[in-house]
file input-v6.txt (compact mmCIF, C-alpha atoms)
# COMPACT_ATOMS: atom_id res chain seq x y z
CA MET A 206 80.17 116.39 56.52
CA ASP A 207 83.85 115.37 56.42
CA ASP A 208 84.81 119.02 55.98
CA LEU A 209 82.74 120.01 59.02
CA VAL A 210 84.42 117.37 61.17
CA ILE A 211 87.85 118.57 60.03
CA ARG A 212 86.87 122.13 61.00
CA LEU A 213 86.16 120.95 64.56
CA ASN A 214 89.96 121.00 64.99
CA ASP A 215 90.55 124.31 63.18
CA ASN A 216 93.00 126.73 64.79
CA ASP A 217 90.20 129.31 65.20
CA VAL A 218 87.84 128.57 68.08
CA ASN A 219 84.98 130.38 66.31
CA VAL A 220 85.37 128.13 63.26
CA ARG A 221 85.36 125.09 65.52
CA LEU A 222 82.19 126.07 67.33
CA ASP A 223 80.43 127.14 64.12
CA ALA A 224 81.17 123.72 62.59
CA LEU A 225 79.64 122.06 65.65
CA ARG A 226 76.53 124.23 65.34
CA GLN A 227 76.13 123.15 61.71
CA ILE A 228 76.60 119.46 62.58
CA LYS A 229 74.01 119.72 65.36
CA LYS A 230 71.57 121.48 63.04
CA LEU A 231 71.98 118.82 60.34
CA THR A 232 71.51 116.11 62.96
CA ASP A 233 68.35 117.72 64.32
CA GLU A 234 67.01 117.96 60.77
CA GLY A 235 67.58 114.24 60.24
CA LYS A 236 70.24 114.84 57.58
CA LEU A 237 72.91 113.22 59.73
CA PRO A 238 72.56 110.08 61.89
CA THR A 239 71.53 110.66 65.49
CA PRO A 240 74.25 109.45 67.90
CA PRO A 241 73.42 106.50 70.17
CA VAL A 242 71.94 107.32 73.56
CA THR A 243 73.58 105.62 76.53
CA GLU A 244 73.90 106.22 80.26
CA TYR A 245 77.72 106.39 80.14
CA VAL A 246 79.62 109.36 81.58
CA ASN A 247 83.27 110.46 81.49
CA ASN A 248 84.81 113.26 83.55
CA HIS A 249 88.44 113.05 82.39
CA ILE A 250 88.82 114.03 78.73
CA HIS A 251 91.99 115.88 77.72
CA SER A 252 92.05 118.42 74.91
CA GLN A 253 94.76 120.09 72.84
CA TYR A 254 95.21 122.51 75.73
CA SER A 255 97.27 119.76 77.33
CA PHE A 256 97.87 116.76 75.06
CA SER A 257 95.21 115.26 72.82
CA PRO A 258 94.26 114.92 69.15
CA TYR A 259 91.08 116.87 69.93
CA SER A 260 90.19 120.51 70.41
CA PRO A 261 87.69 121.01 73.25
CA THR A 262 84.94 121.20 70.59
CA LYS A 263 86.12 118.04 68.83
CA ALA A 264 86.51 116.24 72.17
CA LEU A 265 82.89 116.93 73.09
CA TYR A 266 81.75 116.02 69.59
CA MET A 267 83.54 112.67 69.93
CA ALA A 268 81.95 112.12 73.34
CA TRP A 269 78.52 112.93 71.90
CA GLN A 270 79.04 110.63 68.93
CA ALA A 271 80.11 107.82 71.27
CA GLY A 272 76.82 108.17 73.13
CA LEU A 273 78.07 109.73 76.35
CA LYS A 274 75.34 111.34 78.44
CA THR A 275 77.77 113.81 80.02
CA ALA A 276 81.45 114.70 79.60
CA GLY A 277 84.16 116.57 81.47
CA ILE A 278 87.26 118.41 80.26
CA MET A 279 90.43 117.72 82.26
CA ASP A 280 93.64 119.34 81.01
CA HIS A 281 97.07 119.37 82.63
CA ASP A 282 98.01 122.76 84.12
CA SER A 283 95.48 124.56 81.92
CA VAL A 284 91.99 126.01 82.01
CA GLY A 285 92.43 127.30 78.44
CA GLY A 286 89.84 125.00 76.89
CA MET A 287 87.10 125.35 79.50
CA ARG A 288 85.06 128.19 78.01
CA GLU A 289 85.06 126.55 74.59
CA PHE A 290 83.96 123.26 76.18
CA ILE A 291 81.15 125.04 78.03
CA GLU A 292 79.91 126.63 74.79
CA ALA A 293 80.15 123.30 72.94
CA GLY A 294 78.03 121.75 75.67
CA LYS A 295 75.37 124.43 75.17
CA ILE A 296 75.36 123.79 71.40
CA LEU A 297 74.83 120.06 71.89
CA GLY A 298 72.48 120.43 74.85
CA MET A 299 74.86 118.18 76.77
CA PRO A 300 75.68 118.52 80.50
CA ILE A 301 79.40 119.11 81.00
CA THR A 302 81.87 119.64 83.81
CA CYS A 303 85.20 121.47 83.95
CA GLY A 304 88.38 120.34 85.68
CA MET A 305 92.15 120.73 85.69
CA GLU A 306 94.83 118.19 86.59
CA ILE A 307 98.09 119.24 88.22
CA ARG A 308 100.99 117.77 90.15
CA CYS A 309 101.59 119.01 93.66
CA ASP A 310 104.49 118.77 96.09
CA MET A 311 103.74 116.44 99.03
CA SER A 312 107.21 116.65 100.59
CA LYS A 313 105.97 118.53 103.66
CA THR A 314 103.41 115.82 104.48
CA ALA A 315 103.55 112.31 105.90
CA LEU A 316 103.89 111.04 102.30
CA ASN A 317 107.34 112.57 101.83
CA GLY A 318 109.73 110.15 100.16
CA LYS A 319 106.98 107.82 98.96
CA ARG A 320 106.07 106.95 95.39
CA ILE A 321 102.50 108.19 95.50
CA ASN A 322 100.65 108.19 92.16
CA ASN A 323 103.42 109.58 89.95
CA PRO A 324 105.40 106.93 88.02
CA ASP A 325 108.29 109.34 87.40
CA GLN A 326 108.92 110.95 90.77
CA LYS A 327 108.53 110.43 94.53
CA SER A 328 106.85 112.94 96.89
CA VAL A 329 104.82 114.40 94.01
CA ALA A 330 101.14 113.60 93.49
CA TYR A 331 98.67 114.04 90.65
CA VAL A 332 95.57 115.85 91.88
CA ALA A 333 92.57 117.47 90.21
CA LEU A 334 90.40 120.54 90.57
CA HIS A 335 86.95 119.25 89.66
CA GLY A 336 83.71 121.16 89.16
CA VAL A 337 85.38 124.53 88.54
CA PRO A 338 82.85 127.38 88.99
CA HIS A 339 82.78 129.24 85.69
CA GLN A 340 83.23 132.71 87.16
CA ASN A 341 86.56 131.61 88.70
CA ILE A 342 88.26 130.17 85.61
CA ASP A 343 90.44 133.30 85.43
CA MET A 344 91.33 132.99 89.12
CA ILE A 345 92.66 129.49 88.52
CA GLU A 346 94.50 130.63 85.38
CA GLU A 347 96.25 133.32 87.42
CA PHE A 348 97.25 130.63 89.94
CA ILE A 349 98.57 128.07 87.44
CA LYS A 350 100.24 130.31 84.83
CA PRO A 351 103.55 130.81 86.71
CA TYR A 352 103.83 127.04 87.20
CA ARG A 353 103.36 126.45 83.46
CA GLU A 354 106.22 128.87 82.80
CA LYS A 355 108.44 126.95 85.22
CA ARG A 356 107.42 123.72 83.50
CA ASN A 357 108.60 125.10 80.17
CA GLU A 358 112.00 125.86 81.65
CA ARG A 359 112.27 122.17 82.54
CA ASN A 360 110.88 121.18 79.12
CA ARG A 361 113.78 123.04 77.48
CA ARG A 362 116.27 121.13 79.61
CA MET A 363 114.57 117.82 78.79
CA CYS A 364 114.76 118.65 75.08
CA LYS A 365 118.51 119.01 75.49
CA ASN A 366 118.61 115.65 77.25
CA ILE A 367 116.64 113.88 74.56
CA THR A 368 118.77 115.47 71.84
CA GLU A 369 121.85 113.94 73.45
CA LEU A 370 120.12 110.56 73.31
CA VAL A 371 119.04 110.78 69.66
CA LYS A 372 121.87 112.83 68.16
CA PRO A 373 123.75 109.64 67.15
CA TYR A 374 120.77 108.80 64.91
CA GLY A 375 120.74 112.18 63.20
CA PHE A 376 117.97 113.85 65.23
CA GLU A 377 117.85 117.09 67.19
CA LEU A 378 114.96 118.59 69.14
CA ASP A 379 114.63 122.30 69.78
CA PHE A 380 111.87 123.22 72.22
CA ASP A 381 110.85 126.51 70.60
CA ARG A 382 111.08 125.27 67.01
CA ASP A 383 109.87 121.66 67.25
CA VAL A 384 107.83 121.23 70.43
CA TYR A 385 106.13 124.48 71.43
CA PRO A 386 104.25 124.84 68.08
CA LEU A 387 102.61 121.43 68.63
CA SER A 388 100.85 122.80 71.71
CA LYS A 389 98.28 125.48 72.56
CA ALA A 390 100.79 127.15 74.88
CA ASN A 391 100.29 130.54 73.22
CA GLU A 392 96.60 130.28 74.23
CA GLY A 393 97.14 129.19 77.82
CA GLY A 394 97.75 125.51 77.13
CA SER A 395 100.48 123.40 78.69
CA VAL A 396 103.43 121.57 77.17
CA THR A 397 104.02 118.03 78.45
CA GLU A 398 106.51 115.20 78.01
CA ARG A 399 104.11 113.79 75.41
CA HIS A 400 104.60 116.89 73.25
CA ILE A 401 108.36 116.32 73.33
CA LEU A 402 107.96 112.70 72.26
CA TYR A 403 105.36 113.61 69.63
CA ALA A 404 107.88 116.04 68.13
CA LEU A 405 110.43 113.22 68.03
CA ALA A 406 107.86 110.89 66.43
CA LYS A 407 107.40 113.46 63.65
CA LYS A 408 111.16 113.64 63.13
CA VAL A 409 111.30 109.84 62.87
CA THR A 410 108.49 109.64 60.29
CA ALA A 411 110.09 112.43 58.25
CA LYS A 412 113.37 110.52 58.05
CA TYR A 413 111.83 107.05 57.66
CA PRO A 414 108.80 107.38 55.34
CA THR A 415 107.39 103.84 55.66
CA PRO A 416 106.17 101.98 58.77
CA ALA A 417 108.52 99.08 58.02
CA GLN A 418 111.49 101.48 58.01
CA VAL A 419 110.38 102.99 61.32
CA VAL A 420 110.10 99.58 62.98
CA ASP A 421 113.45 98.51 61.57
CA PHE A 422 115.06 101.71 62.90
CA PHE A 423 113.50 101.24 66.35
CA LYS A 424 114.48 97.57 66.64
CA ASN A 425 117.89 97.48 65.02
CA GLU A 426 119.34 100.93 65.65
CA MET A 427 117.64 102.50 68.69
CA HIS A 428 116.89 99.11 70.27
CA VAL A 429 113.46 100.27 71.42
CA ALA A 430 111.65 97.40 73.13
CA MET A 431 108.17 96.98 71.64
CA SER A 432 105.45 94.46 72.31
CA ALA A 433 104.14 92.51 69.33
CA LYS A 434 100.92 94.50 69.62
CA VAL A 435 102.63 97.89 69.38
CA GLU A 436 104.92 96.71 66.58
CA ASN A 437 101.94 95.52 64.56
CA GLN A 438 100.10 98.79 65.15
CA ILE A 439 103.04 100.76 63.79
CA LEU A 440 103.51 98.39 60.84
CA ASN A 441 99.83 98.95 59.98
CA GLY A 442 100.35 102.71 60.01
CA GLU A 443 99.54 103.27 56.33
CA ASN A 444 96.07 101.84 56.98
CA THR A 445 95.59 103.78 60.21
CA PRO A 446 97.08 107.24 59.50
CA ASP A 447 95.15 108.93 62.33
CA PHE A 448 96.81 106.61 64.86
CA TYR A 449 100.26 106.23 63.31
CA GLU A 450 102.31 108.96 65.00
CA TYR A 451 100.46 108.40 68.29
CA ASP A 452 101.45 104.72 68.16
CA ILE A 453 105.06 105.75 67.59
CA LEU A 454 104.76 108.20 70.49
CA GLY A 455 103.49 105.36 72.70
CA ALA A 456 106.48 103.17 71.85
CA LEU A 457 108.88 106.04 72.59
CA LYS A 458 107.11 106.94 75.84
CA ALA A 459 107.41 103.42 77.22
CA GLU A 460 111.13 103.31 76.42
CA MET A 461 112.53 106.83 76.77
CA VAL A 462 110.85 108.98 79.43
CA GLU A 463 112.98 107.74 82.30
CA LYS A 464 116.11 108.39 80.20
CA PHE A 465 115.49 112.11 79.59
CA TYR A 466 113.15 112.98 82.49
CA ILE A 467 114.18 115.72 84.93
CA ASP A 468 112.41 115.88 88.27
CA ALA A 469 109.71 118.54 88.47
CA ASP A 470 110.30 120.99 91.28
CA GLU A 471 109.31 124.66 91.06
CA GLU A 472 106.48 123.85 88.64
CA CYS A 473 104.65 121.86 91.36
CA PRO A 474 102.66 123.96 93.82
CA SER A 475 102.65 122.75 97.39
CA VAL A 476 99.64 120.67 98.33
CA TYR A 477 98.70 123.41 100.78
CA ASP A 478 98.55 126.04 98.03
CA TYR A 479 96.54 123.61 95.90
CA ILE A 480 93.97 123.08 98.67
CA ASP A 481 93.84 126.85 99.17
CA ILE A 482 93.05 127.63 95.50
CA CYS A 483 90.36 124.94 95.51
CA ARG A 484 88.71 126.52 98.54
CA ARG A 485 89.00 130.08 97.24
CA SER A 486 87.66 129.19 93.79
CA GLY A 487 84.98 126.73 94.90
CA ALA A 488 86.56 123.85 92.95
CA ILE A 489 86.46 120.34 94.39
CA SER A 490 89.88 119.05 95.47
CA ALA A 491 90.39 115.44 94.37
CA TYR A 492 93.27 113.02 94.84
CA ALA A 493 93.82 110.81 91.77
CA TYR A 494 94.19 107.19 92.91
CA LEU A 495 96.52 105.15 90.71
CA GLY A 496 97.12 101.89 92.59
CA ASP A 497 99.86 99.30 92.28
CA VAL A 498 100.43 97.96 88.79
CA GLY A 499 101.03 94.23 88.53
CA ASP A 500 99.49 92.67 85.48
CA SER A 501 98.40 96.03 84.08
CA VAL A 502 94.67 96.01 83.38
CA THR A 503 95.18 98.55 80.60
CA GLY A 504 98.30 96.80 79.31
CA ASP A 505 100.33 100.01 78.96
CA LYS A 506 102.12 100.27 82.30
CA LYS A 507 105.13 98.50 83.71
CA THR A 508 104.98 96.69 87.05
CA GLN A 509 105.35 99.29 89.77
CA LYS A 510 104.26 99.88 93.36
CA PHE A 511 102.23 102.93 94.29
CA GLU A 512 99.79 103.59 97.14
CA ASP A 513 98.30 100.21 97.98
CA ASP A 514 100.80 99.25 100.71
CA TYR A 515 100.07 102.39 102.73
CA LEU A 516 96.44 103.17 101.94
CA PRO A 517 95.51 103.94 105.61
CA LEU A 518 98.30 106.53 105.79
CA LEU A 519 97.26 107.96 102.42
CA PHE A 520 93.66 108.47 103.46
CA ASP A 521 94.62 109.83 106.89
CA THR A 522 96.84 112.36 105.12
CA LEU A 523 94.19 113.30 102.53
CA LYS A 524 91.63 113.92 105.25
CA GLU A 525 94.07 115.91 107.37
CA LEU A 526 94.98 118.09 104.38
CA GLY A 527 91.32 118.79 103.64
CA PHE A 528 90.76 116.91 100.38
CA ASP A 529 87.14 116.72 99.26
CA ALA A 530 87.26 113.75 96.91
CA VAL A 531 89.11 110.85 95.35
CA THR A 532 89.01 110.30 91.61
CA TYR A 533 89.77 106.93 90.01
CA MET A 534 89.40 105.04 86.73
CA PRO A 535 87.61 101.68 86.77
CA THR A 536 89.40 100.82 83.50
CA ARG A 537 92.77 101.05 85.22
CA ASN A 538 92.42 98.94 88.36
CA THR A 539 91.25 95.56 89.56
CA GLU A 540 87.95 95.11 91.33
CA ALA A 541 89.79 94.23 94.56
CA GLN A 542 91.77 97.49 94.44
CA LEU A 543 88.68 99.61 93.85
CA ARG A 544 86.56 97.87 96.47
CA ARG A 545 89.23 98.80 99.00
CA VAL A 546 89.44 102.41 97.80
CA MET A 547 85.65 102.79 97.80
CA GLU A 548 85.51 101.47 101.37
CA TYR A 549 88.08 104.02 102.50
CA CYS A 550 86.23 106.83 100.71
CA ASP A 551 83.05 105.90 102.56
CA ARG A 552 84.91 105.66 105.86
CA TYR A 553 86.47 109.11 105.40
CA ASN A 554 83.33 110.73 103.92
CA LEU A 555 85.09 111.55 100.62
CA PHE A 556 83.27 112.21 97.35
CA GLN A 557 84.06 109.64 94.62
CA ILE A 558 84.58 110.77 91.01
CA SER A 559 85.37 108.62 87.98
CA GLY A 560 86.67 109.16 84.47
CA VAL A 561 88.66 107.61 81.64
CA ASP A 562 91.86 109.41 80.70
CA ILE A 563 91.45 110.33 76.99
CA ASN A 564 94.55 111.67 75.23
CA SER A 565 95.01 109.37 72.21
CA PRO A 566 92.83 108.60 69.18
CA ARG A 567 92.87 104.87 70.00
CA GLN A 568 91.13 105.37 73.33
CA GLU A 569 87.42 104.66 73.72
CA PHE A 570 85.40 107.42 75.36
CA ILE A 571 83.09 104.93 77.03
CA CYS A 572 83.96 103.18 80.30
CA ARG A 573 82.10 99.89 80.02
CA GLN A 574 82.94 99.00 83.60
CA LEU A 575 80.12 101.41 84.53
CA ASP A 576 77.74 98.62 83.45
CA ASP A 577 78.78 96.81 86.64
CA PRO A 578 76.35 97.58 89.51
CA LEU A 579 79.44 97.92 91.75
CA TYR A 580 80.16 101.25 90.04
CA ALA A 581 76.61 102.53 89.59
CA HIS A 582 77.18 105.19 92.24
CA LEU A 583 79.78 106.84 89.97
CA VAL A 584 77.05 107.84 87.50
CA ASP A 585 75.08 109.52 90.29
CA ALA A 586 78.30 111.17 91.42
CA THR A 587 78.84 112.61 87.94
CA TYR A 588 75.43 114.26 87.92
CA ALA A 589 76.10 115.55 91.44
CA LEU A 590 79.42 116.97 90.23
CA ILE A 591 77.69 118.78 87.37
CA GLY A 592 74.91 120.01 89.65
CA ALA A 593 77.42 121.25 92.19
CA GLU A 594 79.34 123.08 89.46
CA ASN A 595 76.11 124.71 88.29
CA GLU A 596 75.16 125.81 91.81
CA ALA A 597 78.65 127.10 92.63
CA THR A 598 78.65 129.06 89.37
CA LYS A 599 75.50 130.83 90.58
CA ASP A 600 76.75 131.35 94.15
CA LEU A 601 79.93 129.99 95.78
CA HIS A 602 78.12 129.65 99.09
CA ASN A 603 76.13 126.86 97.45
CA SER A 604 79.17 124.84 96.35
CA MET A 605 79.28 121.20 97.43
CA PHE A 606 82.03 121.75 100.00
CA SER A 607 81.25 125.25 101.22
CA GLN A 608 81.03 125.75 104.99
CA LYS A 609 77.29 126.36 104.60
CA THR A 610 76.70 123.12 102.68
CA GLU A 611 78.83 121.02 105.01
CA LEU A 612 76.88 122.28 108.00
CA GLU A 613 73.54 121.58 106.32
CA MET A 614 74.54 118.19 104.86
CA PRO A 615 77.53 116.71 106.73
CA ASN A 616 77.29 113.34 104.94
CA VAL A 617 78.64 113.51 101.40
CA LYS A 618 76.06 110.94 100.24
CA ASP A 619 73.27 113.35 101.19
CA ARG A 620 75.00 116.02 99.12
CA ILE A 621 75.21 113.68 96.14
CA ALA A 622 71.48 113.00 96.36
CA TYR A 623 70.81 116.74 96.51
CA TYR A 624 73.20 118.03 93.82
CA LYS A 625 72.38 115.39 91.20
CA THR A 626 68.94 117.04 90.97
CA LYS A 627 70.69 120.29 90.00
CA ALA A 628 72.49 118.91 86.93

call {"tool": "encode", "arguments": {"input": "input-v6.txt", "output": "structure tokens"}}
result
Amino acid sequence: MDDLVIRLNDNDVNVRLDALRQIKKLTDEGKLPTPPVTEYVNNHIHSQYSFSPYSPTKALYMAWQAGLKTAGIMDHDSVGGMREFIEAGKILGMPITCGMEIRCDMSKTALNGKRINNPDQKSVAYVALHGVPHQNIDMIEEFIKPYREKRNERNRRMCKNITELVKPYGFELDFDRDVYPLSKANEGGSVTERHILYALAKKVTAKYPTPAQVVDFFKNEMHVAMSAKVENQILNGENTPDFYEYDILGALKAEMVEKFYIDADEECPSVYDYIDICRRSGAISAYAYLGDVGDSVTGDKKTQKFEDDYLPLLFDTLKELGFDAVTYMPTRNTEAQLRRVMEYCDRYNLFQISGVDINSPRQEFICRQLDDPLYAHLVDATYALIGAENEATKDLHNSMFSQKTELEMPNVKDRIAYYKTKA
């Protein structure tokens, strides 16, 4: 069994899927434990096609083992893992949904100059293409590929920046040698700032072979500020080898991104081009609400202001631009923040989508906030999202936000009730 689980992350997609078939067969035969059955859903799971410890197959296996009823892939700037995820869903008999997360340029809108939902840069927003119709995966790949190439040009410059920062400690990062091979970029995956920091984490562990040495180096040479929690996680690295380098990455991310970051420019499509590709492909356009961070609910973000002071302007702008939906994470925000966002979504007739951002082995696939009746509608919305993806894959005219559907069912809540029966 351990060998089969290891093969779920094999470099060969056919090996990965074959291992999943064998695990499912053994489970059906009663030779492996049956996973728990819950009503939980998650529409925002990253794979190795952006940054994650999991292949698309392994990601869905982990979701299945956690007891998720449905799951959705959501990679940055990449559709590379979607077909594998779809096939893994068929093997497990598990409803799935496909999405892609990108950053778009909002400088030609009323939000120009504002810190929107991007901690690193003003006038740039994280958005998602949800419910991608399967016949148009290649259309979206054609759209996003040039932007990935531009991103890699910036990645190379950021590697030079980070090398200047760490050269005094005997480290050097080369994008093509150290960073690119950690990604699935040669298969249509993206390379992110996390890949750069993961490469640095590997350099650190190669030079300092024990957790105590790593912590000593961080505290007394690099002067990396770490919470007691993070320090203890790293110190316990020999007992938690699957988490160790990710914990180091987390410490570096909190301390270093702003020091080597270069503003994204040509790699960010305009919001107008983003809305256009969503309409042409039948994908659902969704703004990703972040919300002000005070006492961070998740404990991993510094205090920072985002959209909450200008929420009316934000929603006016989203509606004017033609957004279909807002996506948010109940694990990330306070109840007061989300009550306000949900009220605005209802007022502006916007579809609401939820998910928990999974890109580290420490993260739990289950969002327990969905137990709260306040968020019960997000489970229905997930089934509607899957049903809409299924219908749009058969015929784009039947997509949730097609002209035909909007005429027949102007109220998005009526569409949710209809499409959830198609999941």

call {"tool": "residues_near_point", "arguments": {"input": "input-v6.txt", "point": "(96.4, 125.3, 99.6)", "cutoff": "12 Å", "atoms": "all atoms listed in the file", "output": "list in words"}}
result
Cys309, Asp310, Met311, Leu334, Phe348, Pro474, Ser475, Val476, Tyr477, Asp478, Tyr479, Ile480, Asp481, Ile482, Cys483, Arg484, Arg485, Ser486, Ala488, Ser490, Leu526, Gly527 and Phe528 of chain A

call {"tool": "closest_atom_pairs", "arguments": {"input": "input-v6.txt", "of": "region 272-386 of chain A", "to": "region 229-244 of chain A", "cutoff": "12 Å", "atoms": "all atoms listed in the file", "output": "JSON lines"}}
result
{"residue": "A:Gly272", "atom": "CA", "partner": "A:Pro241", "partner_atom": "CA", "distance": 4.8}
{"residue": "A:Leu273", "atom": "CA", "partner": "A:Thr243", "partner_atom": "CA", "distance": 6.1}
{"residue": "A:Lys274", "atom": "CA", "partner": "A:Glu244", "partner_atom": "CA", "distance": 5.6}
{"residue": "A:Thr275", "atom": "CA", "partner": "A:Glu244", "partner_atom": "CA", "distance": 8.5}
{"residue": "A:Ala276", "atom": "CA", "partner": "A:Glu244", "partner_atom": "CA", "distance": 11.4}
{"residue": "A:Ala293", "atom": "CA", "partner": "A:Lys229", "partner_atom": "CA", "distance": 10.4}
{"residue": "A:Gly294", "atom": "CA", "partner": "A:Lys229", "partner_atom": "CA", "distance": 11.3}
{"residue": "A:Lys295", "atom": "CA", "partner": "A:Lys229", "partner_atom": "CA", "distance": 11.0}
{"residue": "A:Ile296", "atom": "CA", "partner": "A:Lys229", "partner_atom": "CA", "distance": 7.4}
{"residue": "A:Leu297", "atom": "CA", "partner": "A:Lys229", "partner_atom": "CA", "distance": 6.6}
{"residue": "A:Gly298", "atom": "CA", "partner": "A:Lys229", "partner_atom": "CA", "distance": 9.6}
{"residue": "A:Met299", "atom": "CA", "partner": "A:Lys229", "partner_atom": "CA", "distance": 11.5}

call {"tool": "residues_around", "arguments": {"input": "input-v6.txt", "residues": "Asn564 (chain A)", "least_positions_apart": "3", "cutoff": "9 Å", "atoms": "all atoms listed in the file", "output": "mmCIF file with C-alpha atoms, in the frame of the given file"}}
result
data_model
loop_
_atom_site.group_PDB
_atom_site.id
_atom_site.type_symbol
_atom_site.label_atom_id
_atom_site.label_comp_id
_atom_site.auth_asym_id
_atom_site.auth_seq_id
_atom_site.Cartn_x
_atom_site.Cartn_y
_atom_site.Cartn_z
ATOM 1 C CA ILE A 250 88.820 114.030 78.730
ATOM 2 C CA HIS A 251 91.990 115.880 77.720
ATOM 3 C CA SER A 252 92.050 118.420 74.910
ATOM 4 C CA GLN A 253 94.760 120.090 72.840
ATOM 5 C CA SER A 255 97.270 119.760 77.330
ATOM 6 C CA PHE A 256 97.870 116.760 75.060
ATOM 7 C CA SER A 257 95.210 115.260 72.820
ATOM 8 C CA PRO A 258 94.260 114.920 69.150
ATOM 9 C CA TYR A 259 91.080 116.870 69.930
ATOM 10 C CA ARG A 567 92.870 104.870 70.000
ATOM 11 C CA GLN A 568 91.130 105.370 73.330
#

call {"tool": "closest_residue", "arguments": {"input": "input-v6.txt", "among": "A:Leu495, A:Leu213, A:Leu387, A:Ile291", "to": "Pro324 (chain A)", "atoms": "only C-alpha atoms"}}
result
A:Leu495

call {"tool": "residues_around", "arguments": {"input": "input-v6.txt", "residues": "Thr522 (chain A)", "least_positions_apart": "4", "cutoff": "8 Å", "atoms": "only C-alpha atoms", "output": "compact mmCIF listing (two decimals) with C-alpha atoms, keeping the file's coordinate frame"}}
result
# COMPACT_ATOMS: atom_id res chain seq x y z
CA THR A 314 103.41 115.82 104.48
CA ALA A 315 103.55 112.31 105.90
CA LEU A 316 103.89 111.04 102.30
CA LEU A 518 98.30 106.53 105.79
CA LEU A 526 94.98 118.09 104.38

call {"tool": "residues_near_point", "arguments": {"input": "input-v6.txt", "point": "(82.4, 118.8, 69.2)", "cutoff": "10 Å", "atoms": "only C-alpha atoms", "output": "PyMOL selection string"}}
result
chain A and resi 210+212-214+221-226+228-229+259-270+289-290+292-294+296-297

call {"tool": "closest_residue", "arguments": {"input": "input-v6.txt", "among": "A:His428, A:Lys464, A:Arg353, A:Arg399", "to": "Ile367 (chain A)", "atoms": "only C-alpha atoms"}}
result
A:Lys464

call {"tool": "closest_residue", "arguments": {"input": "input-v6.txt", "among": "A:Thr445, A:Asn248, A:Gln608, A:Asn216", "to": "Ala333 (chain A)", "atoms": "all atoms listed in the file"}}
result
A:Asn248

call {"tool": "atom_distance", "arguments": {"input": "input-v6.txt", "atom1": "CA of Val409 (chain A)", "atom2": "CA of Phe376 (chain A)"}}
result
8.1 Å

call {"tool": "closest_residue", "arguments": {"input": "input-v6.txt", "among": "A:Gly286, A:Gln438, A:Ile591, A:Ser328", "to": "Glu450 (chain A)", "atoms": "only C-alpha atoms"}}
result
A:Gln438

call {"tool": "closest_residue", "arguments": {"input": "input-v6.txt", "among": "A:Val246, A:Tyr588, A:Lys319, A:Tyr624", "to": "Leu516 (chain A)", "atoms": "all atoms listed in the file"}}
result
A:Lys319

call {"tool": "closest_residue", "arguments": {"input": "input-v6.txt", "among": "A:Arg552, A:Lys350, A:Arg308, A:Lys407", "to": "Asp325 (chain A)", "atoms": "all atoms listed in the file"}}
result
A:Arg308

call {"tool": "build_atoms", "arguments": {"input": "input-v6.txt", "residues": "region 579-590 of chain A", "atoms": "N, CA and C atoms", "output": "compact mmCIF listing (two decimals), in the frame of the given file"}}
result
# COMPACT_ATOMS: atom_id res chain seq x y z
N LEU A 579 78.48 97.48 90.73
CA LEU A 579 79.44 97.92 91.75
C LEU A 579 79.80 99.38 91.59
N TYR A 580 79.75 99.88 90.33
CA TYR A 580 80.16 101.25 90.04
C TYR A 580 78.99 102.18 89.69
N ALA A 581 77.79 101.72 89.96
CA ALA A 581 76.61 102.53 89.59
C ALA A 581 76.62 103.88 90.29
N HIS A 582 77.17 103.93 91.49
CA HIS A 582 77.18 105.19 92.24
C HIS A 582 78.01 106.27 91.54
N LEU A 583 78.93 105.86 90.65
CA LEU A 583 79.78 106.84 89.97
C LEU A 583 79.00 107.65 88.94
N VAL A 584 77.92 107.08 88.42
CA VAL A 584 77.05 107.84 87.50
C VAL A 584 76.30 108.91 88.29
N ASP A 585 75.74 108.53 89.43
CA ASP A 585 75.08 109.52 90.29
C ASP A 585 76.06 110.62 90.69
N ALA A 586 77.29 110.20 91.00
CA ALA A 586 78.30 111.17 91.42
C ALA A 586 78.61 112.17 90.31
N THR A 587 78.59 111.70 89.07
CA THR A 587 78.84 112.61 87.94
C THR A 587 77.76 113.68 87.84
N TYR A 588 76.51 113.27 87.97
CA TYR A 588 75.43 114.26 87.92
C TYR A 588 75.50 115.21 89.12
N ALA A 589 75.92 114.68 90.28
CA ALA A 589 76.10 115.55 91.44
C ALA A 589 77.23 116.54 91.21
N LEU A 590 78.30 116.08 90.56
CA LEU A 590 79.42 116.97 90.23
C LEU A 590 78.97 118.10 89.32
